[in-house]
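**Q** Before I ask anything, here is the structure I am working with.
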Amino acid sequence: MKILKKIKACIAGLLVLGVACASSSVLTSCVSTETATVQITNQTQDPVAIAKAAYLDALKLYNDLGERYLKYIPYMERNYPQAHYEIMYIFQEMDKMLIMWEGFAQAGIIPERAPQHLQDYADAIIALLFELDAALEAGQLEI
Amino acid sequence: MTVIGDAAIVAALIMDIISMYQRRGIVVDLDSLSEAIENEKARREKLNKELFK
């Protein structure tokens with residue numbers, strides 16, 4: 001019994017260590033990169049350049065998110081069409097927003113609250129996936 | 001596929017997206033800004049062809 005307890009304690013210790021390492025790695029990598037908006041703002045006060053940088057960040061967020069989702073589409077379409085439909089709707093809204101945003105960026109304008117709205121859309125996709133994941137873990141197949 | 005298997009796939013997608021946030025940075029300056037935008041626009045066009053086909 002004592003050996004079993006020691007093994008359990010070792011496993012718990014390793015788990016804690018693993019989580020701590022993962023967290024520190026996340027924090028380190030988060031602070032080592034800056035958005036294009038921050039980088040350009042540090043270099044100039046030109047509103048056109050700053051607006052373009054904000055547009056670049058928006059494009060990159062959309063592309064990164066879309067490319068990651070792309071490989072899961074066949075799986076999501078087949079197994080969770082409702083969640084997939086909702087996610088695709090969000091991507092369409094993000095895309096529409098980027099079309100509108102481009103014209104503003106050329107004029108040196110960051111559309112009001114647009115960066116936050118785009119981030120909210122991205123967060124909504126992640127929230128939908130978390131919801132799906134939780135439902136699966138709980139044994140409920142519908143979300 | 002079992003429910004556990006499904007949960008693992010969805011969890012993998014979530015982890016994939018979270019790891020994207022860690023690597024989101026792009027190195028850009030005033031000289032390379034326009035080119036970076038054009039590159040991302042081309043990337044978006046290519047993505048949309050796949051995403052909305």
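In the structure tokens, the first chain shown is A, the next is B, and so on; residue numbers restart at 1 for each chain, and ligands run from 1 in the order shown.
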Within 8 Å of Ala11 in chain B, counting only C-alpha atoms, which residues show up once you throw out same-chain ones fewer than 3 positions away? Write them as a PyMOL selection string, please.
**A** (chain A and resi 130+133) or (chain B and resi 7-8+14-15)
**Q** When you get a sec, could you note down which chain A residues fall within 9 Å of chain B, using only C-alpha atoms, as a ChimeraX atom specification?
**A** /A:26-27,29-30,32-36,39-40,43-44,49,52-53,55-57,59-70,72-73,75-76,79,88,91-92,95,126,129-130,132-137,139-141
**Q** Which parts of range 25-129 of chain A does DSSP call helix (DSSP H, G or I) when run on the backbone here, written out as a ChimeraX atom specification?
**A** /A:25-32,36-43,47-70,73-79,81-106,114-129
**Q** For the residues selected in the previous step, produce a file with C-alpha atoms as a PDB file, in the first residue's frame.
**A**
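Printed below is selection_29.pdb as written:
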ATOM      1  CA  SER A  25       6.276  27.930 -22.044  1.00  0.00           C
ATOM      2  CA  VAL A  26       2.921  29.509 -22.945  1.00  0.00           C
ATOM      3  CA  LEU A  27       3.734  32.688 -21.024  1.00  0.00           C
ATOM      4  CA  THR A  28       7.229  32.945 -22.514  1.00  0.00           C
ATOM      5  CA  SER A  29       6.010  32.499 -26.070  1.00  0.00           C
ATOM      6  CA  CYS A  30       3.148  34.957 -25.523  1.00  0.00           C
ATOM      7  CA  VAL A  31       5.411  37.807 -24.458  1.00  0.00           C
ATOM      8  CA  SER A  32       8.027  37.121 -27.122  1.00  0.00           C
ATOM      9  CA  ALA A  36       1.862  44.045 -36.177  1.00  0.00           C
ATOM     10  CA  THR A  37      -0.182  46.933 -34.727  1.00  0.00           C
ATOM     11  CA  VAL A  38       2.116  47.194 -31.697  1.00  0.00           C
ATOM     12  CA  GLN A  39       5.270  46.892 -33.806  1.00  0.00           C
ATOM     13  CA  ILE A  40       4.198  49.595 -36.276  1.00  0.00           C
ATOM     14  CA  THR A  41       2.889  51.868 -33.517  1.00  0.00           C
ATOM     15  CA  ASN A  42       6.376  51.654 -31.976  1.00  0.00           C
ATOM     16  CA  GLN A  43       7.892  52.817 -35.276  1.00  0.00           C
ATOM     17  CA  PRO A  47      -2.391  56.689 -38.940  1.00  0.00           C
ATOM     18  CA  VAL A  48      -2.412  54.997 -42.362  1.00  0.00           C
ATOM     19  CA  ALA A  49       0.482  52.702 -41.427  1.00  0.00           C
ATOM     20  CA  ILE A  50      -1.123  51.897 -38.052  1.00  0.00           C
ATOM     21  CA  ALA A  51      -4.500  51.205 -39.688  1.00  0.00           C
ATOM     22  CA  LYS A  52      -2.819  48.934 -42.228  1.00  0.00           C
ATOM     23  CA  ALA A  53      -1.021  47.088 -39.428  1.00  0.00           C
ATOM     24  CA  ALA A  54      -4.335  46.530 -37.611  1.00  0.00           C
ATOM     25  CA  TYR A  55      -5.800  45.188 -40.856  1.00  0.00           C
ATOM     26  CA  LEU A  56      -2.772  42.891 -41.221  1.00  0.00           C
ATOM     27  CA  ASP A  57      -3.373  41.498 -37.714  1.00  0.00           C
ATOM     28  CA  ALA A  58      -7.029  40.914 -38.590  1.00  0.00           C
ATOM     29  CA  LEU A  59      -6.134  39.103 -41.817  1.00  0.00           C
ATOM     30  CA  LYS A  60      -3.596  36.959 -40.003  1.00  0.00           C
ATOM     31  CA  LEU A  61      -6.028  35.982 -37.256  1.00  0.00           C
ATOM     32  CA  TYR A  62      -8.627  34.960 -39.846  1.00  0.00           C
ATOM     33  CA  ASN A  63      -6.088  33.002 -41.917  1.00  0.00           C
ATOM     34  CA  ASP A  64      -4.528  31.221 -38.950  1.00  0.00           C
ATOM     35  CA  LEU A  65      -7.907  30.217 -37.563  1.00  0.00           C
ATOM     36  CA  GLY A  66      -9.332  29.193 -40.952  1.00  0.00           C
ATOM     37  CA  GLU A  67      -6.319  27.109 -41.935  1.00  0.00           C
ATOM     38  CA  ARG A  68      -6.455  25.236 -38.641  1.00  0.00           C
ATOM     39  CA  TYR A  69     -10.171  24.547 -38.956  1.00  0.00           C
ATOM     40  CA  LEU A  70      -9.825  23.446 -42.574  1.00  0.00           C
ATOM     41  CA  ILE A  73     -13.986  20.168 -41.759  1.00  0.00           C
ATOM     42  CA  PRO A  74     -14.658  16.671 -43.144  1.00  0.00           C
ATOM     43  CA  TYR A  75     -14.840  15.310 -39.595  1.00  0.00           C
ATOM     44  CA  MET A  76     -17.047  18.136 -38.263  1.00  0.00           C
ATOM     45  CA  GLU A  77     -19.306  18.074 -41.333  1.00  0.00           C
ATOM     46  CA  ARG A  78     -19.864  14.349 -40.975  1.00  0.00           C
ATOM     47  CA  ASN A  79     -20.287  14.158 -37.196  1.00  0.00           C
ATOM     48  CA  PRO A  81     -23.082  19.371 -38.870  1.00  0.00           C
ATOM     49  CA  GLN A  82     -24.888  21.856 -36.596  1.00  0.00           C
ATOM     50  CA  ALA A  83     -21.691  22.998 -34.861  1.00  0.00           C
ATOM     51  CA  HIS A  84     -19.905  23.059 -38.221  1.00  0.00           C
ATOM     52  CA  TYR A  85     -22.712  25.168 -39.728  1.00  0.00           C
ATOM     53  CA  GLU A  86     -22.441  27.678 -36.873  1.00  0.00           C
ATOM     54  CA  ILE A  87     -18.651  27.857 -37.181  1.00  0.00           C
ATOM     55  CA  MET A  88     -18.859  28.384 -40.943  1.00  0.00           C
ATOM     56  CA  TYR A  89     -21.401  31.156 -40.389  1.00  0.00           C
ATOM     57  CA  ILE A  90     -18.900  32.885 -38.076  1.00  0.00           C
ATOM     58  CA  PHE A  91     -16.143  32.537 -40.690  1.00  0.00           C
ATOM     59  CA  GLN A  92     -18.452  34.142 -43.261  1.00  0.00           C
ATOM     60  CA  GLU A  93     -19.120  37.054 -40.904  1.00  0.00           C
ATOM     61  CA  MET A  94     -15.381  37.473 -40.279  1.00  0.00           C
ATOM     62  CA  ASP A  95     -14.738  37.434 -44.021  1.00  0.00           C
ATOM     63  CA  LYS A  96     -17.398  40.108 -44.647  1.00  0.00           C
ATOM     64  CA  MET A  97     -15.814  42.214 -41.944  1.00  0.00           C
ATOM     65  CA  LEU A  98     -12.384  41.954 -43.584  1.00  0.00           C
ATOM     66  CA  ILE A  99     -13.792  43.069 -46.962  1.00  0.00           C
ATOM     67  CA  MET A 100     -15.231  46.179 -45.305  1.00  0.00           C
ATOM     68  CA  TRP A 101     -12.057  46.708 -43.260  1.00  0.00           C
ATOM     69  CA  GLU A 102      -9.711  46.835 -46.269  1.00  0.00           C
ATOM     70  CA  GLY A 103     -11.217  50.089 -47.581  1.00  0.00           C
ATOM     71  CA  PHE A 104     -10.961  51.699 -44.162  1.00  0.00           C
ATOM     72  CA  ALA A 105      -7.329  50.616 -43.796  1.00  0.00           C
ATOM     73  CA  GLN A 106      -6.380  52.313 -47.092  1.00  0.00           C
ATOM     74  CA  ALA A 114     -13.548  46.108 -35.335  1.00  0.00           C
ATOM     75  CA  PRO A 115     -10.441  44.469 -33.802  1.00  0.00           C
ATOM     76  CA  GLN A 116     -12.504  43.498 -30.739  1.00  0.00           C
ATOM     77  CA  HIS A 117     -15.392  42.227 -32.885  1.00  0.00           C
ATOM     78  CA  LEU A 118     -13.067  40.063 -34.933  1.00  0.00           C
ATOM     79  CA  GLN A 119     -11.499  38.672 -31.772  1.00  0.00           C
ATOM     80  CA  ASP A 120     -15.011  38.030 -30.403  1.00  0.00           C
ATOM     81  CA  TYR A 121     -15.809  35.993 -33.514  1.00  0.00           C
ATOM     82  CA  ALA A 122     -12.630  33.953 -33.058  1.00  0.00           C
ATOM     83  CA  ASP A 123     -13.494  33.445 -29.380  1.00  0.00           C
ATOM     84  CA  ALA A 124     -17.011  32.342 -30.373  1.00  0.00           C
ATOM     85  CA  ILE A 125     -15.551  29.582 -32.545  1.00  0.00           C
ATOM     86  CA  ILE A 126     -13.362  28.386 -29.690  1.00  0.00           C
ATOM     87  CA  ALA A 127     -16.305  28.581 -27.252  1.00  0.00           C
ATOM     88  CA  LEU A 128     -18.411  26.438 -29.603  1.00  0.00           C
ATOM     89  CA  LEU A 129     -15.648  23.855 -29.755  1.00  0.00           C
TER      90      LEU A 129
END
